[in-house]
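The structure file work-v6.pdb is reproduced below (PDB, C-alpha atoms).
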```pdb
ATOM      1  CA  MET P  72      27.815  28.473 -21.834
ATOM      2  CA  ASN P  73      28.945  24.873 -21.279
ATOM      3  CA  LEU P  74      26.208  22.554 -22.571
ATOM      4  CA  GLU P  75      28.031  19.304 -21.848
ATOM      5  CA  PRO P  76      26.236  18.499 -18.558
ATOM      6  CA  ASP P  77      22.873  19.108 -20.256
ATOM      7  CA  LEU P  78      23.808  16.775 -23.107
ATOM      8  CA  GLU P  79      24.832  14.091 -20.628
ATOM      9  CA  CYS P  80      21.520  14.499 -18.818
ATOM     10  CA  LEU P  81      19.631  14.175 -22.094
ATOM     11  CA  MET P  82      21.478  10.962 -22.889
ATOM     12  CA  LYS P  83      20.508   9.472 -19.511
ATOM     13  CA  LEU P  84      16.888  10.474 -20.024
ATOM     14  CA  LYS P  85      16.705   8.347 -23.161
ATOM     15  CA  LEU P  86      14.653   5.215 -22.656
ATOM     16  CA  PRO P  87      16.930   2.490 -21.228
ATOM     17  CA  LEU P  88      17.596  -0.656 -23.225
ATOM     18  CA  GLY P  89      18.354  -4.139 -21.988
ATOM     19  CA  ARG P  90      18.464  -5.366 -18.384
ATOM     20  CA  VAL P  91      18.587  -2.392 -16.035
ATOM     21  CA  ARG P  92      20.442  -2.143 -12.725
ATOM     22  CA  CYS P  93      18.159  -0.555 -10.138
ATOM     23  CA  VAL P  94      17.338  -0.013  -6.474
ATOM     24  CA  ILE P  95      13.945   0.717  -4.858
ATOM     25  CA  ASP P  96      13.327   3.334  -2.169
ATOM     26  CA  THR P  97       9.964   2.594  -0.542
ATOM     27  CA  ASP P  98       7.681   3.464   2.408
ATOM     28  CA  THR P  99       6.236  -0.020   2.158
ATOM     29  CA  PHE P 100       3.982  -0.001   5.205
ATOM     30  CA  ASN P 101       2.359   3.345   4.466
ATOM     31  CA  GLU P 102      -0.135   1.935   1.966
ATOM     32  CA  ILE P 103      -0.646  -1.189  -0.137
ATOM     33  CA  ASP P 104       0.811  -0.316  -3.531
ATOM     34  CA  ASP P 105       4.525  -0.395  -2.631
ATOM     35  CA  GLN P 106       4.117  -4.110  -1.971
ATOM     36  CA  PHE P 107       2.873  -4.677  -5.517
ATOM     37  CA  ALA P 108       5.741  -2.605  -6.944
ATOM     38  CA  ILE P 109       8.408  -4.562  -5.068
ATOM     39  CA  VAL P 110       6.932  -7.906  -6.091
ATOM     40  CA  GLN P 111       6.713  -6.868  -9.744
ATOM     41  CA  ALA P 112      10.355  -5.789  -9.673
ATOM     42  CA  LEU P 113      11.510  -9.027  -8.046
ATOM     43  CA  LEU P 114       9.533 -11.111 -10.557
ATOM     44  CA  SER P 115      11.013  -9.200 -13.521
ATOM     45  CA  LYS P 116      14.518 -10.641 -13.401
ATOM     46  CA  ASP P 117      14.827 -10.697 -17.197
ATOM     47  CA  GLN P 118      14.352  -6.935 -17.354
ATOM     48  CA  LEU P 119      15.524  -5.678 -13.947
ATOM     49  CA  ASP P 120      18.594  -6.347 -11.837
ATOM     50  CA  LEU P 121      17.194  -5.225  -8.473
ATOM     51  CA  GLN P 122      20.253  -4.708  -6.283
ATOM     52  CA  ALA P 123      18.846  -3.135  -3.117
ATOM     53  CA  ILE P 124      15.627  -2.141  -1.367
ATOM     54  CA  TYR P 125      15.672   0.883   0.962
ATOM     55  CA  ALA P 126      13.095   1.453   3.697
ATOM     56  CA  ALA P 127      11.935   5.075   3.595
ATOM     57  CA  PRO P 128      10.427   7.200   6.379
ATOM     58  CA  PHE P 129       6.802   8.297   6.545
ATOM     59  CA  THR P 130       4.253   9.676   8.980
ATOM     60  CA  ASN P 131       0.492   9.297   8.853
ATOM     61  CA  ALA P 132      -2.445   9.075  11.247
ATOM     62  CA  LYS P 133      -1.125   5.803  12.683
ATOM     63  CA  VAL P 134       2.601   6.615  12.783
ATOM     64  CA  ALA P 135       3.985   9.277  15.106
ATOM     65  CA  THR P 136       7.494   9.776  13.700
ATOM     66  CA  PRO P 137       9.305   9.288  10.372
ATOM     67  CA  GLY P 138      11.641   6.828  12.069
ATOM     68  CA  GLU P 139       8.748   4.671  13.221
ATOM     69  CA  GLY P 140       7.369   4.688   9.683
ATOM     70  CA  MET P 141      10.740   3.626   8.316
ATOM     71  CA  GLU P 142      10.996   0.723  10.781
ATOM     72  CA  LEU P 143       7.488  -0.465   9.906
ATOM     73  CA  SER P 144       8.366  -0.274   6.208
ATOM     74  CA  TYR P 145      11.533  -2.298   6.806
ATOM     75  CA  ASP P 146       9.512  -5.014   8.566
ATOM     76  CA  GLU P 147       6.949  -5.056   5.735
ATOM     77  CA  ILE P 148       9.696  -5.534   3.152
ATOM     78  CA  LEU P 149      10.910  -8.556   5.110
ATOM     79  CA  ARG P 150       7.393 -10.007   5.166
ATOM     80  CA  LEU P 151       7.272  -9.773   1.376
ATOM     81  CA  LEU P 152      10.661 -11.405   0.923
ATOM     82  CA  ILE P 153       9.788 -14.284   3.258
ATOM     83  CA  ARG P 154       6.743 -15.110   1.133
ATOM     84  CA  LEU P 155       8.825 -14.903  -2.032
ATOM     85  CA  GLU P 156      11.621 -16.960  -0.423
ATOM     86  CA  VAL P 157      14.141 -14.219  -1.182
ATOM     87  CA  ALA P 158      17.034 -13.614   1.235
ATOM     88  CA  ALA P 159      17.003 -10.145   2.792
ATOM     89  CA  GLU P 160      20.693 -10.064   3.727
ATOM     90  CA  ARG P 161      22.648  -7.484   1.704
ATOM     91  CA  LEU P 162      19.435  -6.622  -0.149
ATOM     92  CA  VAL P 163      17.362  -4.595   2.366
ATOM     93  CA  PHE P 164      18.655  -1.497   4.154
ATOM     94  CA  LYS P 165      17.129   0.782   6.776
ATOM     95  CA  GLY P 166      16.678   4.385   5.740
ATOM     96  CA  VAL P 167      16.776   7.730   7.506
ATOM     97  CA  CYS P 168      14.680   8.462  10.585
ATOM     98  CA  GLU P 169      14.206  12.171   9.854
ATOM     99  CA  TYR P 170      13.230  14.164   6.802
ATOM    100  CA  VAL P 171      15.765  16.383   5.055
ATOM    101  CA  GLY P 172      13.403  19.225   5.874
ATOM    102  CA  PRO P 173      13.426  22.919   4.919
ATOM    103  CA  GLU P 174      16.993  23.251   6.199
ATOM    104  CA  LYS P 175      18.006  20.591   3.645
ATOM    105  CA  VAL P 176      20.108  18.576   6.080
ATOM    106  CA  ALA P 177      21.555  15.257   4.915
ATOM    107  CA  ARG P 178      20.589  12.407   7.228
ATOM    108  CA  ASP P 179      22.710   9.317   7.900
ATOM    109  CA  ALA P 180      21.462   5.765   7.366
ATOM    110  CA  ALA P 181      22.580   2.434   5.965
ATOM    111  CA  ALA P 182      20.403   3.046   2.888
ATOM    112  CA  VAL P 183      22.111   6.381   2.197
ATOM    113  CA  THR P 184      25.571   4.840   2.527
ATOM    114  CA  ASP P 185      24.645   1.939   0.259
ATOM    115  CA  LEU P 186      23.123   4.192  -2.405
ATOM    116  CA  ILE P 187      26.227   6.378  -2.507
ATOM    117  CA  ALA P 188      28.489   3.323  -2.821
ATOM    118  CA  ARG P 189      26.398   1.754  -5.608
ATOM    119  CA  ALA P 190      26.153   5.048  -7.471
ATOM    120  CA  ARG P 191      29.899   5.650  -7.305
ATOM    121  CA  ALA P 192      30.492   2.103  -8.569
ATOM    122  CA  SER P 193      28.351   2.939 -11.616
ATOM    123  CA  SER P 194      29.408   4.996 -14.625
ATOM    124  CA  VAL P 195      28.115   7.876 -16.662
ATOM    125  CA  ASP P 196      27.409   5.465 -19.520
ATOM    126  CA  ASP P 197      25.786   2.827 -17.291
ATOM    127  CA  PRO P 198      23.886   4.689 -14.554
ATOM    128  CA  LEU P 199      22.068   3.178 -11.614
ATOM    129  CA  TYR P 200      18.283   3.651 -11.773
ATOM    130  CA  VAL P 201      16.773   4.724  -8.455
ATOM    131  CA  ILE P 202      13.072   3.816  -8.247
ATOM    132  CA  ALA P 203      11.767   6.194  -5.569
ATOM    133  CA  ILE P 204       8.183   5.592  -4.432
ATOM    134  CA  ALA P 205       8.220   7.409  -1.107
ATOM    135  CA  ALA P 206       9.291  10.668   0.483
ATOM    136  CA  ILE P 207      12.596  11.416  -1.226
ATOM    137  CA  SER P 208      14.561  11.772   2.051
ATOM    138  CA  ASN P 209      16.963   8.841   1.512
ATOM    139  CA  VAL P 210      17.816   9.902  -2.029
ATOM    140  CA  ALA P 211      18.094  13.603  -1.171
ATOM    141  CA  SER P 212      20.374  12.765   1.761
ATOM    142  CA  ALA P 213      22.642  10.777  -0.563
ATOM    143  CA  ILE P 214      22.731  13.658  -3.067
ATOM    144  CA  LEU P 215      23.504  16.231  -0.362
ATOM    145  CA  SER P 216      26.235  14.012   1.106
ATOM    146  CA  ALA P 217      27.767  13.075  -2.254
ATOM    147  CA  PRO P 218      26.764  15.487  -5.058
ATOM    148  CA  ASP P 219      29.049  13.625  -7.466
ATOM    149  CA  ILE P 220      26.567  10.729  -7.677
ATOM    150  CA  CYS P 221      24.206  12.904  -9.737
ATOM    151  CA  ASP P 222      26.310  12.012 -12.778
ATOM    152  CA  LYS P 223      25.851   8.277 -12.201
ATOM    153  CA  ILE P 224      22.185   7.802 -11.324
ATOM    154  CA  VAL P 225      18.765   8.356 -12.860
ATOM    155  CA  VAL P 226      15.962   8.964 -10.373
ATOM    156  CA  LEU P 227      12.436   7.740 -11.164
ATOM    157  CA  TRP P 228      10.194   9.435  -8.618
ATOM    158  CA  LEU P 229       6.498   9.008  -8.022
ATOM    159  CA  GLY P 230       5.731  12.342  -6.412
ATOM    160  CA  GLY P 231       3.590  15.436  -6.678
ATOM    161  CA  HIS P 232       0.650  15.879  -9.025
ATOM    162  CA  ALA P 233       0.402  16.796 -12.698
ATOM    163  CA  LEU P 234       2.122  20.057 -13.610
ATOM    164  CA  ASP P 235      -1.256  21.603 -14.455
ATOM    165  CA  TRP P 236      -2.799  20.505 -11.136
ATOM    166  CA  PRO P 237      -3.686  23.318  -8.694
ATOM    167  CA  ASN P 238      -0.995  22.155  -6.278
ATOM    168  CA  ALA P 239       1.646  19.465  -5.797
ATOM    169  CA  LYS P 240       0.516  18.355  -2.331
ATOM    170  CA  GLU P 241       0.749  14.639  -2.927
ATOM    171  CA  PHE P 242       1.713  12.431   0.052
ATOM    172  CA  ASN P 243       5.294  11.604  -0.957
ATOM    173  CA  LEU P 244       6.096  15.205  -1.835
ATOM    174  CA  ARG P 245       4.473  16.960   1.094
ATOM    175  CA  GLN P 246       6.173  14.632   3.596
ATOM    176  CA  ASP P 247       9.536  16.231   2.817
ATOM    177  CA  ILE P 248       9.234  19.371   0.682
ATOM    178  CA  GLY P 249      12.849  20.284   1.417
ATOM    179  CA  GLY P 250      14.050  16.914   0.178
ATOM    180  CA  ALA P 251      11.934  17.260  -2.962
ATOM    181  CA  GLN P 252      13.437  20.704  -3.597
ATOM    182  CA  VAL P 253      16.898  19.139  -3.403
ATOM    183  CA  LEU P 254      15.843  16.596  -6.027
ATOM    184  CA  PHE P 255      14.392  19.167  -8.436
ATOM    185  CA  ASP P 256      17.218  21.679  -8.034
ATOM    186  CA  CYS P 257      20.337  19.448  -8.091
ATOM    187  CA  GLY P 258      20.270  18.619 -11.813
ATOM    188  CA  VAL P 259      20.146  14.835 -11.415
ATOM    189  CA  PRO P 260      18.510  13.088 -14.396
ATOM    190  CA  LEU P 261      14.890  12.720 -13.304
ATOM    191  CA  VAL P 262      11.815  10.895 -14.583
ATOM    192  CA  LEU P 263       8.727  12.249 -12.805
ATOM    193  CA  PHE P 264       5.548  10.205 -12.356
ATOM    194  CA  PRO P 265       2.837  12.602 -11.085
ATOM    195  CA  CYS P 266      -0.028  11.116  -9.097
ATOM    196  CA  ARG P 267      -3.288  13.012  -9.596
ATOM    197  CA  GLY P 268      -3.989  13.528 -13.251
ATOM    198  CA  VAL P 269      -1.557  10.863 -14.507
ATOM    199  CA  VAL P 270      -0.705   7.768 -12.464
ATOM    200  CA  SER P 271      -4.048   7.917 -10.644
ATOM    201  CA  HIS P 272      -5.409   5.991 -13.650
ATOM    202  CA  LEU P 273      -3.498   2.888 -12.502
ATOM    203  CA  THR P 274      -6.247   1.237 -10.455
ATOM    204  CA  THR P 275      -7.606  -2.218  -9.749
ATOM    205  CA  THR P 276     -10.570  -3.792  -7.932
ATOM    206  CA  VAL P 277     -11.314  -6.575  -5.464
ATOM    207  CA  PRO P 278     -12.779  -8.918  -8.132
ATOM    208  CA  GLU P 279      -9.663  -8.477 -10.257
ATOM    209  CA  ILE P 280      -7.386  -9.101  -7.276
ATOM    210  CA  GLU P 281      -9.378 -12.186  -6.257
ATOM    211  CA  ALA P 282      -9.184 -13.606  -9.772
ATOM    212  CA  HIS P 283      -5.559 -12.827 -10.666
ATOM    213  CA  VAL P 284      -3.580 -12.312  -7.434
ATOM    214  CA  GLU P 285      -5.093 -14.135  -4.459
ATOM    215  CA  PRO P 286      -4.874 -17.704  -5.886
ATOM    216  CA  HIS P 287      -1.142 -17.503  -6.522
ATOM    217  CA  GLY P 288       0.692 -18.741  -3.499
ATOM    218  CA  ALA P 289       1.668 -17.132  -0.210
ATOM    219  CA  ILE P 290       2.645 -13.846  -1.813
ATOM    220  CA  GLY P 291      -0.617 -13.644  -3.779
ATOM    221  CA  ALA P 292      -2.678 -14.262  -0.662
ATOM    222  CA  PHE P 293      -0.673 -11.660   1.254
ATOM    223  CA  LEU P 294      -1.108  -8.974  -1.415
ATOM    224  CA  ALA P 295      -4.824  -9.732  -1.686
ATOM    225  CA  GLU P 296      -5.268  -9.440   2.071
ATOM    226  CA  ARG P 297      -3.482  -6.085   2.139
ATOM    227  CA  PHE P 298      -5.601  -4.839  -0.757
ATOM    228  CA  LYS P 299      -8.982  -5.943   0.585
ATOM    229  CA  CYS P 300      -8.317  -4.733   4.112
ATOM    230  CA  TYR P 301      -7.623  -1.210   2.867
ATOM    231  CA  SER P 302     -11.374  -0.487   2.637
ATOM    232  CA  ASP P 303     -14.442  -1.881   4.374
ATOM    233  CA  ASP P 304     -16.692  -1.033   1.429
ATOM    234  CA  HIS P 305     -15.827  -2.811  -1.816
ATOM    235  CA  VAL P 306     -19.014  -1.930  -3.691
ATOM    236  CA  GLY P 307     -18.144   0.180  -6.725
ATOM    237  CA  TRP P 308     -14.667   0.594  -5.228
ATOM    238  CA  SER P 309     -11.307   0.669  -6.938
ATOM    239  CA  LYS P 310      -7.882   1.498  -5.540
ATOM    240  CA  GLU P 311      -4.834   3.187  -7.029
ATOM    241  CA  ILE P 312      -1.705   1.057  -7.058
ATOM    242  CA  TRP P 313       0.324   3.844  -8.573
ATOM    243  CA  ASP P 314       3.661   2.866  -7.019
ATOM    244  CA  MET P 315       3.883   0.165  -9.688
ATOM    245  CA  ALA P 316       4.326   2.819 -12.394
ATOM    246  CA  PRO P 317       8.088   3.545 -12.123
ATOM    247  CA  VAL P 318       8.859  -0.184 -12.001
ATOM    248  CA  ALA P 319       6.670  -0.776 -15.044
ATOM    249  CA  TRP P 320       8.380   2.062 -16.933
ATOM    250  CA  LEU P 321      11.707   0.256 -16.644
ATOM    251  CA  ILE P 322      10.105  -2.963 -17.855
ATOM    252  CA  ASP P 323       8.435  -1.532 -20.964
ATOM    253  CA  GLN P 324       8.337   2.173 -21.830
ATOM    254  CA  SER P 325       5.677   1.596 -24.516
ATOM    255  CA  TRP P 326       3.174   1.478 -21.653
ATOM    256  CA  PHE P 327       3.755   5.197 -21.064
ATOM    257  CA  ASP P 328       3.733   8.523 -22.869
ATOM    258  CA  SER P 329       6.332  11.050 -21.769
ATOM    259  CA  VAL P 330       8.017  14.255 -22.866
ATOM    260  CA  LEU P 331      11.110  16.255 -21.958
ATOM    261  CA  VAL P 332      10.252  19.503 -20.140
ATOM    262  CA  PRO P 333      12.113  22.037 -17.975
ATOM    263  CA  THR P 334      12.261  20.820 -14.393
ATOM    264  CA  PRO P 335       9.776  22.890 -12.364
ATOM    265  CA  ILE P 336      10.593  24.912  -9.283
ATOM    266  CA  LEU P 337       8.878  23.510  -6.218
ATOM    267  CA  THR P 338       7.776  26.324  -3.914
ATOM    268  CA  ASP P 339       7.658  26.114  -0.126
ATOM    269  CA  GLN P 340       3.865  26.073  -0.461
ATOM    270  CA  ALA P 341       4.056  22.847  -2.528
ATOM    271  CA  THR P 342       3.055  24.437  -5.827
ATOM    272  CA  TRP P 343       4.791  24.281  -9.197
ATOM    273  CA  SER P 344       6.536  27.333 -10.615
ATOM    274  CA  VAL P 345       7.805  27.447 -14.204
ATOM    275  CA  ASP P 346      11.269  28.552 -15.316
ATOM    276  CA  ARG P 347      11.897  27.400 -18.875
ATOM    277  CA  SER P 348      15.638  28.001 -18.583
ATOM    278  CA  ARG P 349      16.081  25.160 -16.076
ATOM    279  CA  HIS P 350      17.528  21.720 -16.774
ATOM    280  CA  VAL P 351      15.188  19.208 -18.361
ATOM    281  CA  MET P 352      13.484  16.163 -16.906
ATOM    282  CA  ARG P 353      11.357  13.412 -18.433
ATOM    283  CA  TYR P 354       7.722  13.994 -17.535
ATOM    284  CA  VAL P 355       5.281  11.084 -17.762
ATOM    285  CA  PHE P 356       1.881  12.464 -18.757
ATOM    286  CA  HIS P 357      -0.053   9.268 -19.528
ATOM    287  CA  LEU P 358       0.068   5.543 -18.861
ATOM    288  CA  TYR P 359      -1.675   2.491 -20.293
ATOM    289  CA  ARG P 360      -3.093   0.660 -17.318
ATOM    290  CA  ASP P 361      -3.982  -2.708 -18.852
ATOM    291  CA  PRO P 362      -0.544  -3.951 -20.028
ATOM    292  CA  ILE P 363       1.024  -2.969 -16.694
ATOM    293  CA  LEU P 364      -1.400  -5.149 -14.761
ATOM    294  CA  LYS P 365      -1.348  -7.950 -17.334
ATOM    295  CA  ASP P 366       2.427  -8.132 -16.952
ATOM    296  CA  PHE P 367       2.112  -8.324 -13.163
ATOM    297  CA  PHE P 368      -0.642 -10.950 -13.192
ATOM    298  CA  ARG P 369       1.228 -13.089 -15.725
ATOM    299  CA  LYS P 370       4.483 -13.012 -13.761
ATOM    300  CA  LEU P 371       2.751 -13.733 -10.469
ATOM    301  CA  ARG P 372       0.961 -16.736 -11.954
ATOM    302  CA  SER P 373       4.146 -18.008 -13.586
ATOM    303  CA  HIS P 374       6.065 -17.648 -10.313
ATOM    304  CA  HIS P 375       3.392 -19.603  -8.452
ATOM    305  CA  LEU P 376       3.305 -22.395 -11.021
ATOM    306  CA  SER P 377       7.092 -22.614 -11.068
ATOM    307  CA  ASP P 378       7.271 -22.632  -7.278
ATOM    308  CA  ALA P 379       4.590 -25.297  -6.995
ATOM    309  CA  SER P 380       6.293 -27.432  -9.630
ATOM    310  CA  GLY P 381       9.636 -27.137  -7.851
ATOM    311  CA  LYS P 382       8.170 -28.188  -4.534
ATOM    312  CA  LEU P 383       6.399 -31.134  -6.165
ATOM    313  CA  LEU P 384       9.640 -32.311  -7.750
ATOM    314  CA  ALA P 385      11.473 -31.886  -4.454
ATOM    315  CA  GLY P 386       8.827 -33.978  -2.719
ATOM    316  CA  CYS P 387       9.109 -36.719  -5.317
ATOM    317  CA  SER P 388      12.875 -36.889  -4.910
ATOM    318  CA  ASP P 389      12.455 -37.519  -1.194
ATOM    319  CA  VAL P 390      10.297 -40.593  -1.764
TER     320      VAL P 390
END
```

Would you give me this structure, written as structure tokens?
Amino acid sequence: MNLEPDLECLMKLKLPLGRVRCVIDTDTFNEIDDQFAIVQALLSKDQLDLQAIYAAPFTNAKVATPGEGMELSYDEILRLLIRLEVAAERLVFKGVCEYVGPEKVARDAAAVTDLIARARASSVDDPLYVIAIAAISNVASAILSAPDICDKIVVLWLGGHALDWPNAKEFNLRQDIGGAQVLFDCGVPLVLFPCRGVVSHLTTTVPEIEAHVEPHGAIGAFLAERFKCYSDDHVGWSKEIWDMAPVAWLIDQSWFDSVLVPTPILTDQATWSVDRSRHVMRYVFHLYRDPILKDFFRKLRSHHLSDASGKLLAGCSDV
């Protein structure tokens, strides 16, 4: 038996050190937490070199087709970047308009092409980290189209529920079960962030958002509006912002507990099946909520103060 690929996978699943090259794959308009994740990544320039943002497909009660969901996500990404005064050109790419599906068909899109190119430009020793916080259709399409990229990327996916949960029918996973099966079966180095039972502990409240997000510039006001409009009843209410977890893991792994386990088999019924002979993945089984949010609040405040100071200085120079 040749163990070399397994050893390479284990090396990639070690906690990354230094500034990390990464991309984000996101269904930004589906909910409100992708917005927080993107902003945290963009404000973490010392830790993260965010090279691209991919709009991912989704369908829900308000969106009829995956392609419509992808287009709405693309527009939402642009709204975030405008408020952060970040140029979207060569940073944001439209994703696929269809799921990979049970037939496991690779779909074409600018995001897929860009991911393949960036992965192939990486190396085994310096992989590209793919922060996936949506249905995995863009990433699975890239893997199906170019299997060689599995040696040059590490996928961080927020999907499914805890391995001891009765089922894995979380939104991202159940949108494209076929795409998720591609991810779990292809052998790509994978860090899994389950929702229920693990990342569901990453919550915040309206008072916290009003105190630490809303006062901080156009982007703070925008995030606060998205958060508060999600529910009409804020009494005793908190909301998961779990999409922040994979971004936070790249910033500081001490905020998480994880273990190496055999990658599960995902059944067509969206349940986990165990085969201990399969390749390993890193499984996050606990997170520390407070330092993740403290980091975000601190960076948002610092960005606002820096932006306000810069505009004040610019105004003075015009006098």

task: In the coordinate frame of the file, compute which residues have an atom within 8 Å of (-1.2, -1.7, -6.9) when using only C-alpha atoms, and state them as a PyMOL selection string.
output: chain P and resi 103-108+273-275+310-315

Selection to disk with C-alpha atoms, as a tab-separated table (two decimals), in the coordinates of the input:
```
chain	number	residue	atom	x	y	z
P	103	ILE	CA	-0.65	-1.19	-0.14
P	104	ASP	CA	0.81	-0.32	-3.53
P	105	ASP	CA	4.53	-0.40	-2.63
P	106	GLN	CA	4.12	-4.11	-1.97
P	107	PHE	CA	2.87	-4.68	-5.52
P	108	ALA	CA	5.74	-2.60	-6.94
P	273	LEU	CA	-3.50	2.89	-12.50
P	274	THR	CA	-6.25	1.24	-10.46
P	275	THR	CA	-7.61	-2.22	-9.75
P	310	LYS	CA	-7.88	1.50	-5.54
P	311	GLU	CA	-4.83	3.19	-7.03
P	312	ILE	CA	-1.70	1.06	-7.06
P	313	TRP	CA	0.32	3.84	-8.57
P	314	ASP	CA	3.66	2.87	-7.02
P	315	MET	CA	3.88	0.16	-9.69
```

Expected selection from the PyMOL selection byres ((chain P and resi 253-257) around 7), given as a list in words: Ala211, Gly249, Gly250, Ala251, Gln252, Gly258, Val259, Thr334 and Ile336 of chain P

Near Gln340 (chain P), within 12 Å and counting only C-alpha atoms, which residues show up once chain neighbours fewer than 4 positions away are dropped, as a short mmCIF file (atom, residue, chain, number, x, y, z; two decimals) with C-alpha atoms, in the coordinates of the input?
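The resulting file, around.cif, is shown below:
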```cif
data_model
loop_
_atom_site.label_atom_id
_atom_site.label_comp_id
_atom_site.auth_asym_id
_atom_site.auth_seq_id
_atom_site.Cartn_x
_atom_site.Cartn_y
_atom_site.Cartn_z
CA PRO P 173 13.43 22.92 4.92
CA PRO P 237 -3.69 23.32 -8.69
CA ASN P 238 -1.00 22.16 -6.28
CA ALA P 239 1.65 19.46 -5.80
CA LYS P 240 0.52 18.36 -2.33
CA LEU P 244 6.10 15.20 -1.84
CA ARG P 245 4.47 16.96 1.09
CA ASP P 247 9.54 16.23 2.82
CA ILE P 248 9.23 19.37 0.68
CA GLY P 249 12.85 20.28 1.42
CA GLN P 252 13.44 20.70 -3.60
CA ILE P 336 10.59 24.91 -9.28
CA SER P 344 6.54 27.33 -10.62
#
```

message: When you count all atoms listed in the file, which of these residues is closest to Glu285 (chain P): P:Arg353, P:Lys175, P:Arg191, P:His375?
response: P:His375

task: Have a look at P:Val226, P:Ala182, P:Ile290, P:Leu358 and name the one nearest to Asp378 (chain P); count all atoms listed in the file.
output: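 Ranking P:Val226, P:Ala182, P:Ile290, P:Leu358 by distance to Asp378 (chain P), first place goes to P:Ile290.
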
task: Specify as an NGL selection string each residue included when the PyMOL selection byres ((chain P and resi 333) around 8) is applied to this file.
output: :P and (331-332 or 334-335 or 345-352)

query: From the set P:Ala203, P:Leu88, P:Val167, P:Ala295, which residue has the shortest atom-to-atom contact distance to Met141 (chain P), counting only C-alpha atoms?
result: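 Comparing P:Ala203, P:Leu88, P:Val167, P:Ala295 against Met141 (chain P), the winner is P:Val167.
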
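Considering the residues P:His232, P:Lys223, P:Lys165, P:Arg267 and counting only C-alpha atoms, Arg189 (chain P) has its shortest atom-to-atom contact with P:Lys223.
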
- prompt: In file coordinates, which residues lie within 10 Å of (18.5, 10.9, -2.3) using all atoms listed in the file, given as a PyMOL selection string?
  reply: chain P and resi 96+171+177-178+182-183+186-187+201+203+206-218+220-221+226+250-251+253-254

message: Need the shell around Asp304 (chain P): protein/DNA/RNA residues with any atom at most 12 Å away, counting all atoms listed in the file. Skip same-chain ones fewer than 6 positions apart. Format as number ranges by chain?
response: P: 276-277, 298, 310

query: Applied to this file, what does the PyMOL selection byres ((chain P and resi 94) around 8) return in terms of residues, put as a PyMOL selection string?
result: chain P and resi 92-93+95-96+121-125+199-202

As a short mmCIF file (atom, residue, chain, number, x, y, z; two decimals) with C-alpha atoms, keeping the file's coordinate frame, please: the residues near Leu86 (chain P) (cut-off 10 Å, all atoms listed in the file, same-chain neighbours under 5 positions excluded).
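Result file part-v4.cif:
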```cif
data_model
loop_
_atom_site.label_atom_id
_atom_site.label_comp_id
_atom_site.auth_asym_id
_atom_site.auth_seq_id
_atom_site.Cartn_x
_atom_site.Cartn_y
_atom_site.Cartn_z
CA TRP P 320 8.38 2.06 -16.93
CA LEU P 321 11.71 0.26 -16.64
CA ASP P 323 8.44 -1.53 -20.96
CA GLN P 324 8.34 2.17 -21.83
CA SER P 325 5.68 1.60 -24.52
CA ARG P 353 11.36 13.41 -18.43
#
```

Counting all atoms listed in the file, the option among P:Arg161, P:Asp235, P:Ser115, P:Ala132 closest to His374 (chain P):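 The shortest atom-to-atom distance to His374 (chain P) comes from P:Ser115.
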
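If you measure from each of P:Ile280, P:Leu151, P:Ile363, P:Ala135 to Ile109 (chain P) using all atoms listed in the file, the closest one turns out to be P:Leu151.
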
message: Show me, as a VMD selection string, the residues that have an atom within 8 Å of Asn243 (chain P) when counting all atoms listed in the file, minus same-chain residues fewer than 5 positions from it.
response: chain P and resid 204 to 207 229 to 231

Emit the selected residues as a PDB file, in the coordinates of the input, including C-alpha atoms.
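What ended up in selection-v2.pdb:
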```
ATOM      1  CA  ILE P 204       8.183   5.592  -4.432  1.00  0.00           C
ATOM      2  CA  ALA P 205       8.220   7.409  -1.107  1.00  0.00           C
ATOM      3  CA  ALA P 206       9.291  10.668   0.483  1.00  0.00           C
ATOM      4  CA  ILE P 207      12.596  11.416  -1.226  1.00  0.00           C
ATOM      5  CA  LEU P 229       6.498   9.008  -8.022  1.00  0.00           C
ATOM      6  CA  GLY P 230       5.731  12.342  -6.412  1.00  0.00           C
ATOM      7  CA  GLY P 231       3.590  15.436  -6.678  1.00  0.00           C
TER       8      GLY P 231
END
```

Can you sort out the box for region 172-190 of chain P, edges along x, y and z, all listed atoms in, 4 Å on every side, with centre and edge lengths in Å to one decimal, as lines of an AutoDock Vina configuration file?
```
center_x = 20.9
center_y = 12.5
center_z = 0.2
size_x = 23.1
size_y = 29.5
size_z = 23.4
```

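CA of Ala282 (chain P) sits 28.1 Å away from CA of Phe264 (chain P).
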
message: I'd like the interatomic distance between CA of Pro286 (chain P) and CA of His305 (chain P), to a tenth of an Å.
response: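 Value for the CA of Pro286 (chain P)-CA of His305 (chain P) distance: 18.9 Å.
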
- prompt: To one decimal place, how far is CA of Phe327 (chain P) from CA of Ala127 (chain P) in Å?
  reply: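 Separation between CA of Phe327 (chain P) and CA of Ala127 (chain P): 26.0 Å.
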